[in-house]
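Source file: structure_33.cif; contents: mmCIF, C-alpha atoms.
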```
data_protein
#
loop_
_atom_site.label_atom_id
_atom_site.label_comp_id
_atom_site.auth_asym_id
_atom_site.auth_seq_id
_atom_site.Cartn_x
_atom_site.Cartn_y
_atom_site.Cartn_z
CA MET N 1 0.00 0.00 0.00
CA ALA N 2 2.78 2.37 0.95
CA ALA N 3 4.81 1.22 -1.98
CA ALA N 4 1.95 1.90 -4.35
CA LEU N 5 1.56 5.35 -2.92
CA ALA N 6 5.23 6.03 -3.33
CA SER N 7 5.14 4.97 -6.91
CA ARG N 8 2.29 7.33 -7.64
CA LEU N 9 4.24 10.14 -6.09
CA THR N 10 7.33 9.56 -8.10
CA LYS N 11 7.37 11.27 -11.42
CA GLY N 12 10.87 10.95 -12.58
CA ARG N 13 11.73 14.33 -13.91
CA SER N 14 14.77 14.88 -11.84
CA LEU N 15 18.21 15.15 -13.24
CA LEU N 16 19.83 13.98 -10.07
CA GLY N 17 17.93 10.75 -10.03
CA GLY N 18 18.09 8.97 -6.76
CA LEU N 19 19.44 11.92 -4.86
CA THR N 20 16.55 14.15 -5.73
CA ASN N 21 14.08 11.46 -4.96
CA ALA N 22 15.37 11.14 -1.48
CA PHE N 23 15.45 14.88 -1.05
CA SER N 24 12.01 15.44 -2.41
CA GLY N 25 10.68 12.57 -0.37
CA LEU N 26 11.89 14.44 2.64
CA MET N 27 10.36 17.64 1.39
CA SER N 28 6.97 16.22 0.71
CA SER N 29 6.82 14.51 4.03
CA SER N 30 7.61 17.69 5.87
CA ASN N 31 5.62 20.21 3.87
CA GLY N 32 3.11 18.07 2.08
CA SER N 33 3.53 20.45 -0.83
CA ILE N 34 3.99 19.81 -4.52
CA LEU N 35 7.11 21.83 -4.83
CA SER N 36 9.04 18.60 -4.97
CA GLN N 37 9.52 16.82 -8.24
CA GLN N 38 6.77 14.39 -7.39
CA GLN N 39 3.24 14.87 -8.51
CA GLN N 40 0.17 13.58 -6.84
CA ARG N 41 -2.97 13.79 -8.86
CA THR N 42 -5.88 15.18 -6.90
CA PHE N 43 -9.52 15.92 -7.20
CA ILE N 44 -11.30 18.11 -9.65
CA GLN N 45 -12.21 21.24 -7.79
CA MET N 46 -13.05 24.85 -8.30
CA GLY N 47 -10.73 26.23 -10.91
CA THR N 48 -9.86 22.98 -12.63
CA THR N 49 -10.11 23.22 -16.37
CA LEU N 50 -11.56 20.26 -18.12
CA LYS N 51 -11.69 19.29 -21.71
CA VAL N 52 -15.06 18.81 -23.31
CA VAL N 53 -15.26 15.61 -25.26
CA ASP N 54 -18.61 15.72 -26.90
CA ASN N 55 -19.98 17.75 -29.73
CA SER N 56 -22.16 20.02 -27.68
CA GLY N 57 -20.18 23.05 -28.69
CA GLY N 58 -17.96 23.64 -25.74
CA LYS N 59 -14.23 23.14 -25.78
CA GLU N 60 -13.03 23.91 -22.33
CA VAL N 61 -14.88 24.21 -19.08
CA MET N 62 -13.64 25.47 -15.78
CA CYS N 63 -15.12 23.74 -12.79
CA ILE N 64 -16.83 26.07 -10.37
CA GLN N 65 -18.49 23.56 -8.11
CA SER N 66 -18.22 19.88 -7.56
CA LEU N 67 -21.58 18.41 -6.69
CA ARG N 68 -20.12 15.60 -4.73
CA GLY N 69 -17.53 15.41 -2.08
CA LYS N 70 -16.00 18.08 0.04
CA LYS N 71 -12.60 17.74 -1.51
CA GLY N 72 -13.73 17.67 -5.07
CA ALA N 73 -14.99 15.52 -7.84
CA ARG N 74 -13.52 12.30 -9.09
CA LEU N 75 -14.09 10.12 -12.07
CA GLY N 76 -17.79 9.78 -12.69
CA ASP N 77 -18.96 12.67 -10.56
CA ILE N 78 -21.01 15.59 -11.75
CA VAL N 79 -19.60 19.07 -11.68
CA ILE N 80 -20.87 22.49 -12.46
CA GLY N 81 -18.66 24.46 -14.73
CA SER N 82 -18.36 27.62 -16.69
CA VAL N 83 -17.59 27.36 -20.35
CA LYS N 84 -14.35 29.13 -21.00
CA GLU N 85 -13.95 28.27 -24.59
CA ALA N 86 -16.47 27.19 -27.12
CA ALA N 87 -16.18 25.98 -30.66
CA GLN N 88 -16.72 28.69 -33.20
CA LYS N 89 -19.33 28.07 -35.76
CA LYS N 90 -16.99 28.35 -38.66
CA ASP N 91 -14.52 25.87 -37.20
CA VAL N 92 -16.97 23.08 -37.20
CA LYS N 93 -17.17 20.73 -40.15
CA LYS N 94 -20.50 19.84 -41.47
CA GLY N 95 -21.92 16.45 -40.95
CA LYS N 96 -21.66 14.32 -37.92
CA ASP N 97 -19.62 16.82 -36.01
CA ASP N 98 -22.29 19.44 -36.27
CA ILE N 99 -22.95 21.29 -33.10
CA GLN N 100 -26.27 20.49 -31.66
CA LYS N 101 -29.18 22.74 -31.15
CA GLY N 102 -29.09 24.52 -27.88
CA LYS N 103 -25.39 24.54 -28.25
CA VAL N 104 -23.17 25.74 -25.56
CA LYS N 105 -21.71 29.20 -25.75
CA LYS N 106 -18.89 30.79 -23.93
CA GLY N 107 -19.91 31.91 -20.49
CA ASN N 108 -22.66 29.37 -20.05
CA VAL N 109 -22.87 27.59 -16.78
CA VAL N 110 -23.25 23.91 -17.44
CA TYR N 111 -23.52 20.59 -15.70
CA GLY N 112 -21.11 17.94 -16.75
CA VAL N 113 -20.04 14.47 -15.77
CA VAL N 114 -16.37 13.72 -15.47
CA VAL N 115 -15.52 10.95 -17.87
CA ARG N 116 -11.76 11.01 -17.57
CA ALA N 117 -9.71 12.02 -14.61
CA ALA N 118 -6.01 12.14 -14.04
CA MET N 119 -6.61 10.93 -10.52
CA GLN N 120 -6.78 7.19 -10.16
CA LYS N 121 -10.09 5.61 -9.36
CA GLY N 122 -10.22 2.31 -7.61
CA ARG N 123 -12.57 -0.40 -8.65
CA VAL N 124 -14.14 -3.16 -6.64
CA ASP N 125 -11.94 -5.86 -8.11
CA GLY N 126 -8.79 -4.18 -6.87
CA SER N 127 -7.79 -2.55 -10.12
CA GLN N 128 -7.27 1.15 -10.60
CA VAL N 129 -7.63 3.28 -13.65
CA ARG N 130 -6.28 6.68 -14.51
CA PHE N 131 -6.19 8.75 -17.63
CA ASP N 132 -3.80 11.32 -18.90
CA ASP N 133 -6.21 14.20 -18.86
CA ASN N 134 -9.40 15.52 -17.28
CA ALA N 135 -12.46 15.51 -19.47
CA ILE N 136 -16.18 16.02 -19.12
CA VAL N 137 -19.29 15.45 -21.11
CA ILE N 138 -21.74 18.30 -20.85
CA LEU N 139 -25.09 17.25 -19.52
CA GLY N 140 -27.15 20.37 -19.44
CA ILE N 141 -27.07 24.07 -19.26
CA LYS N 142 -27.91 25.61 -15.96
CA GLU N 143 -30.61 28.14 -16.33
CA LYS N 144 -30.38 31.51 -14.71
CA LYS N 145 -32.30 31.57 -11.52
CA LYS N 146 -35.89 32.48 -12.20
CA ASP N 147 -38.72 31.11 -10.16
CA GLU N 148 -40.34 28.78 -12.64
CA ASN N 149 -37.11 27.84 -14.27
CA GLY N 150 -35.50 27.30 -10.91
CA LYS N 151 -38.24 24.90 -9.95
CA GLU N 152 -37.99 23.10 -13.22
CA LYS N 153 -34.31 22.68 -12.90
CA LYS N 154 -34.60 21.24 -9.46
CA LYS N 155 -37.15 18.70 -10.50
CA LYS N 156 -35.14 17.52 -13.43
CA HIS N 157 -32.06 17.10 -11.37
CA ALA N 158 -33.70 15.22 -8.56
CA GLY N 159 -35.80 12.95 -10.70
CA GLY N 160 -33.20 11.43 -12.89
CA PHE N 161 -29.82 12.13 -14.24
CA HIS N 162 -29.23 14.60 -16.98
CA GLN N 163 -28.70 13.25 -20.41
CA PRO N 164 -25.75 14.41 -22.46
CA LEU N 165 -26.32 17.36 -24.71
CA GLY N 166 -24.14 16.16 -27.52
CA THR N 167 -24.57 13.21 -29.78
CA ARG N 168 -21.02 12.02 -29.94
CA VAL N 169 -18.41 11.28 -27.35
CA PHE N 170 -14.73 11.20 -28.15
CA GLY N 171 -12.03 9.18 -26.54
CA PRO N 172 -12.16 6.28 -24.10
CA VAL N 173 -14.83 6.09 -21.44
CA PRO N 174 -14.53 4.06 -18.27
CA HIS N 175 -16.99 1.52 -16.93
CA GLU N 176 -17.79 3.80 -14.05
CA MET N 177 -20.40 5.44 -16.25
CA ARG N 178 -22.58 2.42 -15.86
CA LEU N 179 -22.65 2.82 -12.13
CA LYS N 180 -23.49 6.47 -12.53
CA LYS N 181 -26.36 5.65 -14.83
CA GLN N 182 -24.86 7.46 -17.78
CA LEU N 183 -25.84 4.75 -20.17
CA LYS N 184 -26.16 7.05 -23.13
CA ILE N 185 -22.55 8.06 -22.82
CA LEU N 186 -21.57 4.41 -22.65
CA SER N 187 -23.42 3.65 -25.81
CA LEU N 188 -21.93 6.62 -27.63
CA ALA N 189 -18.40 5.90 -26.56
CA GLN N 190 -15.71 4.95 -28.99
CA HIS N 191 -13.92 2.72 -26.61
CA LEU N 192 -14.75 1.35 -23.20
CA VAL N 193 -12.00 1.02 -20.69
CA MET K 194 20.63 -13.51 26.69
CA ALA K 195 20.29 -10.81 24.18
CA THR K 196 18.47 -13.04 21.79
CA SER K 197 15.98 -14.17 24.28
CA SER K 198 15.39 -10.68 25.54
CA HIS K 199 13.22 -9.91 22.58
CA LEU K 200 10.81 -12.51 23.72
CA PHE K 201 10.18 -10.87 27.00
CA PRO K 202 7.76 -8.16 25.92
CA GLN K 203 5.75 -10.66 23.98
CA ALA K 204 5.57 -13.10 26.74
CA LEU K 205 5.07 -10.60 29.47
CA HIS K 206 1.70 -9.40 28.46
CA MET K 207 0.42 -12.89 28.60
CA ILE K 208 1.61 -13.54 32.06
CA PRO K 209 -0.75 -12.62 34.84
CA THR K 210 0.80 -11.94 38.11
CA SER K 211 -1.19 -14.37 40.16
CA GLN K 212 0.64 -17.41 41.18
CA PRO K 213 -1.72 -20.36 40.97
CA SER K 214 -2.56 -19.75 37.39
CA LYS K 215 1.11 -19.65 36.65
CA LYS K 216 1.59 -23.15 37.76
CA LEU K 217 -1.15 -24.20 35.50
CA ARG K 218 0.34 -22.30 32.69
CA LEU K 219 3.68 -23.77 33.28
CA SER K 220 2.37 -27.22 32.84
CA SER K 221 0.35 -26.26 29.83
CA PHE K 222 3.42 -24.79 28.27
CA LEU K 223 5.27 -27.94 28.83
CA SER K 224 2.54 -30.09 27.54
CA CYS K 225 2.13 -28.19 24.37
CA ALA K 226 5.77 -27.70 23.63
CA PRO K 227 7.19 -29.43 20.65
CA SER K 228 9.67 -32.12 21.07
CA MET K 229 12.59 -30.14 19.96
CA ASN K 230 14.63 -30.55 23.05
CA PRO K 231 12.75 -32.72 25.47
CA PRO K 232 15.61 -33.35 27.81
CA ARG K 233 16.25 -29.67 28.05
CA LEU K 234 12.68 -28.96 28.82
CA SER K 235 12.84 -31.21 31.72
CA VAL K 236 16.04 -29.63 32.80
CA SER K 237 14.45 -26.26 32.74
CA ARG K 238 11.47 -27.28 34.75
CA LEU K 239 13.33 -28.99 37.42
CA SER K 240 16.22 -26.73 37.69
CA LEU K 241 14.33 -23.52 37.57
CA ASN K 242 14.23 -23.01 41.21
CA HIS K 243 17.89 -22.55 41.68
CA SER K 244 18.80 -21.27 38.30
CA VAL K 245 16.53 -18.30 38.40
CA SER K 246 18.00 -16.99 41.54
CA LYS K 247 21.36 -16.98 39.91
CA SER K 248 20.20 -15.18 36.83
CA SER K 249 20.60 -11.50 36.71
CA PHE K 250 17.60 -10.51 34.74
CA SER K 251 15.60 -7.56 35.74
CA LEU K 252 12.37 -9.48 35.60
CA ASP K 253 10.31 -11.04 38.22
CA ALA K 254 11.71 -14.45 38.95
CA LYS K 255 8.46 -16.15 38.17
CA ALA K 256 8.09 -14.27 34.96
CA ARG K 257 11.54 -15.36 34.02
CA ARG K 258 10.56 -18.93 34.50
CA GLU K 259 7.57 -18.48 32.29
CA VAL K 260 9.59 -16.87 29.64
CA LEU K 261 12.19 -19.56 29.66
CA VAL K 262 9.67 -22.23 29.20
CA ARG K 263 7.93 -20.28 26.50
CA ALA K 264 11.19 -19.69 24.74
CA GLU K 265 11.79 -23.34 24.58
CA GLY K 266 8.23 -23.95 23.65
CA GLU K 267 8.69 -21.71 20.64
CA GLY K 268 11.57 -23.69 19.49
CA GLU K 269 13.41 -20.45 19.20
CA GLY K 270 15.50 -21.01 22.22
CA GLU K 271 18.77 -21.25 20.48
CA GLY K 272 20.30 -22.76 23.47
CA GLU K 273 21.17 -19.36 24.79
CA ALA K 274 18.04 -19.10 26.81
CA GLU K 275 19.12 -22.22 28.44
CA GLU K 276 22.45 -20.88 29.40
CA GLY K 277 20.65 -19.27 32.24
CA VAL K 278 19.36 -22.63 33.20
CA ASP K 279 21.99 -24.84 34.61
CA GLU K 280 22.90 -27.31 32.05
CA GLY K 281 23.21 -30.89 32.92
CA ASN K 282 21.98 -30.26 36.38
CA VAL K 283 19.24 -32.74 36.26
CA GLU K 284 19.14 -35.43 33.73
CA GLU K 285 15.68 -36.67 34.28
CA VAL K 286 13.94 -37.30 31.05
CA VAL K 287 10.37 -36.32 30.77
CA GLU K 288 8.37 -38.16 28.20
CA ALA K 289 7.90 -35.66 25.43
CA LYS K 290 4.61 -35.63 23.66
CA ALA K 291 4.47 -36.99 20.15
CA ALA K 292 6.06 -34.75 17.56
CA ARG K 293 3.77 -31.89 16.76
CA LYS K 294 3.71 -29.65 13.71
CA ALA K 295 6.35 -26.99 13.77
CA ARG K 296 4.95 -23.85 15.20
CA VAL K 297 4.74 -20.77 13.09
CA LYS K 298 7.42 -18.35 14.02
CA LEU K 299 6.19 -15.02 15.12
CA GLY K 300 6.61 -12.29 12.59
CA ASP K 301 6.22 -14.33 9.44
CA VAL K 302 2.53 -15.07 9.57
CA MET K 303 1.61 -12.67 6.81
CA GLY K 304 4.31 -14.02 4.57
CA ILE K 305 3.03 -17.54 5.00
CA LEU K 306 -0.56 -16.53 4.46
CA ASN K 307 0.41 -14.72 1.31
CA HIS K 308 2.29 -17.73 0.02
CA LYS K 309 -0.69 -19.93 0.62
CA ALA K 310 -3.03 -17.55 -1.11
CA ILE K 311 -0.73 -17.31 -4.09
CA GLU K 312 -0.50 -21.06 -4.29
CA VAL K 313 -4.24 -21.34 -4.41
CA SER K 314 -4.46 -18.76 -7.13
CA GLU K 315 -1.68 -20.35 -9.15
CA LYS K 316 -3.50 -23.64 -9.18
CA VAL K 317 -6.46 -22.09 -10.87
CA ARG K 318 -4.44 -20.06 -13.29
CA PRO K 319 -0.67 -19.98 -13.49
CA VAL K 320 0.82 -16.54 -13.78
CA PRO K 321 3.71 -16.08 -16.15
CA GLU K 322 6.82 -14.23 -15.25
CA ILE K 323 6.10 -10.57 -15.82
CA ARG K 324 8.69 -7.88 -15.69
CA THR K 325 8.78 -4.18 -16.40
CA GLY K 326 9.03 -3.59 -20.11
CA ASP K 327 6.96 -6.57 -21.16
CA ILE K 328 4.12 -5.92 -23.50
CA VAL K 329 1.27 -7.99 -22.21
CA GLU K 330 -2.27 -8.76 -23.07
CA ILE K 331 -4.74 -9.30 -20.28
CA LYS K 332 -8.15 -10.83 -20.62
CA LEU K 333 -10.37 -9.60 -17.89
CA GLU K 334 -13.83 -10.65 -16.92
CA VAL K 335 -15.80 -7.62 -15.90
CA PRO K 336 -18.91 -8.53 -13.95
CA GLU K 337 -20.81 -5.67 -15.52
CA ASN K 338 -19.87 -6.74 -18.98
CA ARG K 339 -20.94 -10.29 -18.77
CA ARG K 340 -20.88 -11.05 -22.44
CA ARG K 341 -17.28 -11.00 -23.45
CA LEU K 342 -13.92 -10.71 -21.86
CA SER K 343 -12.35 -7.29 -21.98
CA ILE K 344 -8.92 -7.24 -23.47
CA TYR K 345 -6.28 -4.91 -22.18
CA LYS K 346 -2.99 -4.62 -23.93
CA GLY K 347 -0.08 -2.46 -23.04
CA ILE K 348 3.36 -2.11 -21.66
CA VAL K 349 4.07 -3.00 -18.07
CA MET K 350 5.17 0.21 -16.41
CA SER K 351 5.80 -1.16 -13.00
CA ARG K 352 5.36 -4.15 -10.82
CA GLN K 353 4.64 -3.80 -7.14
CA ASN K 354 5.24 -6.91 -5.14
CA ALA K 355 2.92 -7.24 -2.21
CA GLY K 356 2.16 -10.90 -1.78
CA ILE K 357 -1.28 -11.68 -3.03
CA HIS K 358 -1.86 -8.08 -4.08
CA THR K 359 1.07 -7.99 -6.44
CA THR K 360 0.06 -5.51 -9.09
CA ILE K 361 1.26 -4.47 -12.50
CA ARG K 362 0.60 -1.16 -14.12
CA ILE K 363 -0.25 -1.26 -17.79
CA ARG K 364 -0.08 1.77 -20.03
CA ARG K 365 -1.55 2.19 -23.43
CA ILE K 366 -2.81 4.92 -25.69
CA ILE K 367 -6.49 4.25 -26.32
CA ALA K 368 -8.35 6.41 -28.78
CA GLY K 369 -5.76 9.13 -28.44
CA ILE K 370 -5.66 9.29 -24.66
CA GLY K 371 -3.14 7.61 -22.45
CA VAL K 372 -4.67 5.21 -19.98
CA GLU K 373 -2.95 3.46 -17.13
CA ILE K 374 -4.55 0.58 -15.34
CA VAL K 375 -3.30 -1.21 -12.29
CA PHE K 376 -4.15 -4.91 -12.22
CA PRO K 377 -3.72 -7.29 -9.32
CA ILE K 378 -2.23 -10.25 -11.17
CA TYR K 379 -3.59 -12.91 -8.83
CA SER K 380 -7.12 -11.66 -9.16
CA PRO K 381 -9.69 -14.29 -10.11
CA ASN K 382 -11.24 -11.84 -12.53
CA ILE K 383 -8.24 -12.06 -14.79
CA LYS K 384 -8.77 -14.92 -17.12
CA GLU K 385 -5.52 -14.82 -19.00
CA ILE K 386 -2.25 -12.97 -19.02
CA LYS K 387 -0.03 -13.36 -22.00
CA VAL K 388 3.31 -11.74 -22.63
CA VAL K 389 3.29 -10.65 -26.23
CA SER K 390 6.73 -9.17 -26.53
CA HIS K 391 9.33 -7.32 -24.61
CA ARG K 392 10.94 -3.97 -24.91
CA LYS K 393 14.33 -3.29 -23.54
CA VAL K 394 14.12 -0.82 -20.71
CA ARG K 395 16.69 0.24 -18.22
CA ARG K 396 14.34 1.10 -15.41
CA ALA K 397 12.12 -0.66 -12.97
CA ARG K 398 9.38 1.94 -13.27
CA LEU K 399 8.69 3.56 -16.58
CA TYR K 400 6.99 6.72 -15.44
CA TYR K 401 8.92 8.67 -18.03
CA LEU K 402 6.56 7.29 -20.64
CA ARG K 403 3.94 9.73 -19.44
CA ASP K 404 5.94 12.64 -20.78
CA LYS K 405 7.05 11.03 -23.95
CA LEU K 406 5.39 10.89 -27.30
CA PRO K 407 2.21 8.88 -27.46
CA ARG K 408 3.80 6.83 -30.15
CA LEU K 409 5.93 5.07 -27.55
CA SER K 410 2.91 3.87 -25.65
CA THR K 411 0.87 2.75 -28.61
CA PHE K 412 0.44 -0.93 -29.17
CA LYS K 413 -1.71 -2.35 -31.88
#
```

Starting from the file, give its structure as structure tokens.
Amino acid sequence: MAAALASRLTKGRSLLGGLTNAFSGLMSSSNGSILSQQQQRTFIQMGTTLKVVDNSGGKEVMCIQSLRGKKGARLGDIVIGSVKEAAQKKDVKKGKDDIQKGKVKKGNVVYGVVVRAAMQKGRVDGSQVRFDDNAIVILGIKEKKKDENGKEKKKKHAGGFHQPLGTRVFGPVPHEMRLKKQLKILSLAQHLV
Amino acid sequence: MATSSHLFPQALHMIPTSQPSKKLRLSSFLSCAPSMNPPRLSVSRLSLNHSVSKSSFSLDAKARREVLVRAEGEGEGEGEAEEGVDEGNVEEVVEAKAARKARVKLGDVMGILNHKAIEVSEKVRPVPEIRTGDIVEIKLEVPENRRRLSIYKGIVMSRQNAGIHTTIRIRRIIAGIGVEIVFPIYSPNIKEIKVVSHRKVRRARLYYLRDKLPRLSTFK
């Protein structure tokens, strides 16, 4: 267990090799900071930028709230984010990649489910999975708070889970989506991990 | 003396300070001791009375007696615990019980349990020799995906040895994104592990692959 943790911490970027490892081991144990050469992947929290991997129109989303967990969201959790970058209309090719109606524009506040996380997620059979990047699939746009819309939004969220806005999902998708009832994403996925 | 001193803390907490129960315990120790050195056991029992007074341990004399017997009972008394007991004082032979199974030495229980668990797993499915740098293919049965076995291919980035939870970390570029999965190799979910080829690496852990070109982690 400790050995596995140590291996996750070690990201061999150092020039000094073993010497730096020992030194940075000391550092991280005393400060608990990331200023050592070792990286520990953590949760998705406020300020984390995530890639959008469906064709809903967004490109990059910054997380402003994780709906689950005090420390942040992990693989499979839903987050609320603000669209920082959206696909321009002229960039998009016609055809299957077409941006959907009700497309997402820059500045929209959206719900999304994390489909890929750089932080490892443990599974019940003892395996762990981690990806190289953080990615979400946009589920729905959060309406501005008006009375009737506010009520509507609440009902939709409590009743079931949001369905993805886009019609295509890019990249690998983990099995955790099944547990989170995101079956549509599973069926749209290119590759299941 | 020094070698038997490490037994004291372990034995001490088991020893109550009341006397009558000690006598009982003494006999129970003797009766359950293996037959490693039966004559010496008898020596210890009978010569305890005068040997203990001569010993210079800082323990209670009765505790010392207990510990001596327990040391011999363990089979760990390398003869040095007996130095305190006068050797050859009494030569009476006590009938040792029939040879019993060797007792598990303290401190190695987890190792033995792990060995046993690995043996059981190996019987069901033998695990090939896997080292860092091997390109392996794993067939996994996912309970959610009951139809077919999932296949995972990739390069072994690291191997963590931890008894039954020995794991290997597989890396591969899937659909453009690097994915690393840690598999416990003795897991019953894994139906097959096959080493496809090997790449020469000069490290035990290939974390540098994360920074390198995706091409290096792509396996058809």

Exercise for the section: Using all atoms listed in the file, find which residues of chain K lie within 10 Å of chain N and jot them down as a ChimeraX atom specification. Expected result: /K:335-338,343-345,351-355,358,360-378,380-383,398-404

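Taking CA of Lys181 (chain N) as the reference point, CA of Val169 (chain N) is found at 15.9 Å.
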
Exercise for the section: Tell me which protein, DNA and RNA residues are within 8 Å of region 75-80 of chain N, counting only C-alpha atoms, leaving out same-chain ones fewer than 5 positions away, and put them as a VMD selection string. Expected result: chain N and resid 63 to 68 109 to 117 119 121 176 to 177 180

Exercise for the section: Identify the residues within 6 Å of coordinate (-22.4, 26.7, -24.7) (same frame as the file), considering only C-alpha atoms, and give the answer as a PyMOL selection string. Expected result: chain N and resi 57-58+103-106+108

Problem - Polymer residues at most 9 Å from Glu60 (chain N), only C-alpha atoms, same-chain spacing of 6 or more positions, as a ChimeraX atom specification - result: /N:49-52,82-86,135

Problem - Interatomic distance, CA of Glu334 (chain K) to CA of His391 (chain K) (Å, one decimal) - result: 24.6 Å

Practice task
Find the distance between CA of Gly166 (chain N) and CA of Ile141 (chain N) and write it in Å to one decimal.
Solution key: 11.8 Å

Problem - Expansion of the PyMOL selection byres ((chain K and resi 327) around 12) into residues, as number ranges by chain - result: K: 321-326, 328-330, 346-352, 361-364, 386-394, 397-399, 412

With 3 Å added on each side, what axis-aligned box encloses every listed atom of region 116-124 of chain N? Give the centre and edge lengths in Å to one decimal, as AutoDock Vina command-line options.
```
--center_x -10.1 --center_y 4.5 --center_z -12.1 --size_x 14.1 --size_y 21.3 --size_z 16.9
```
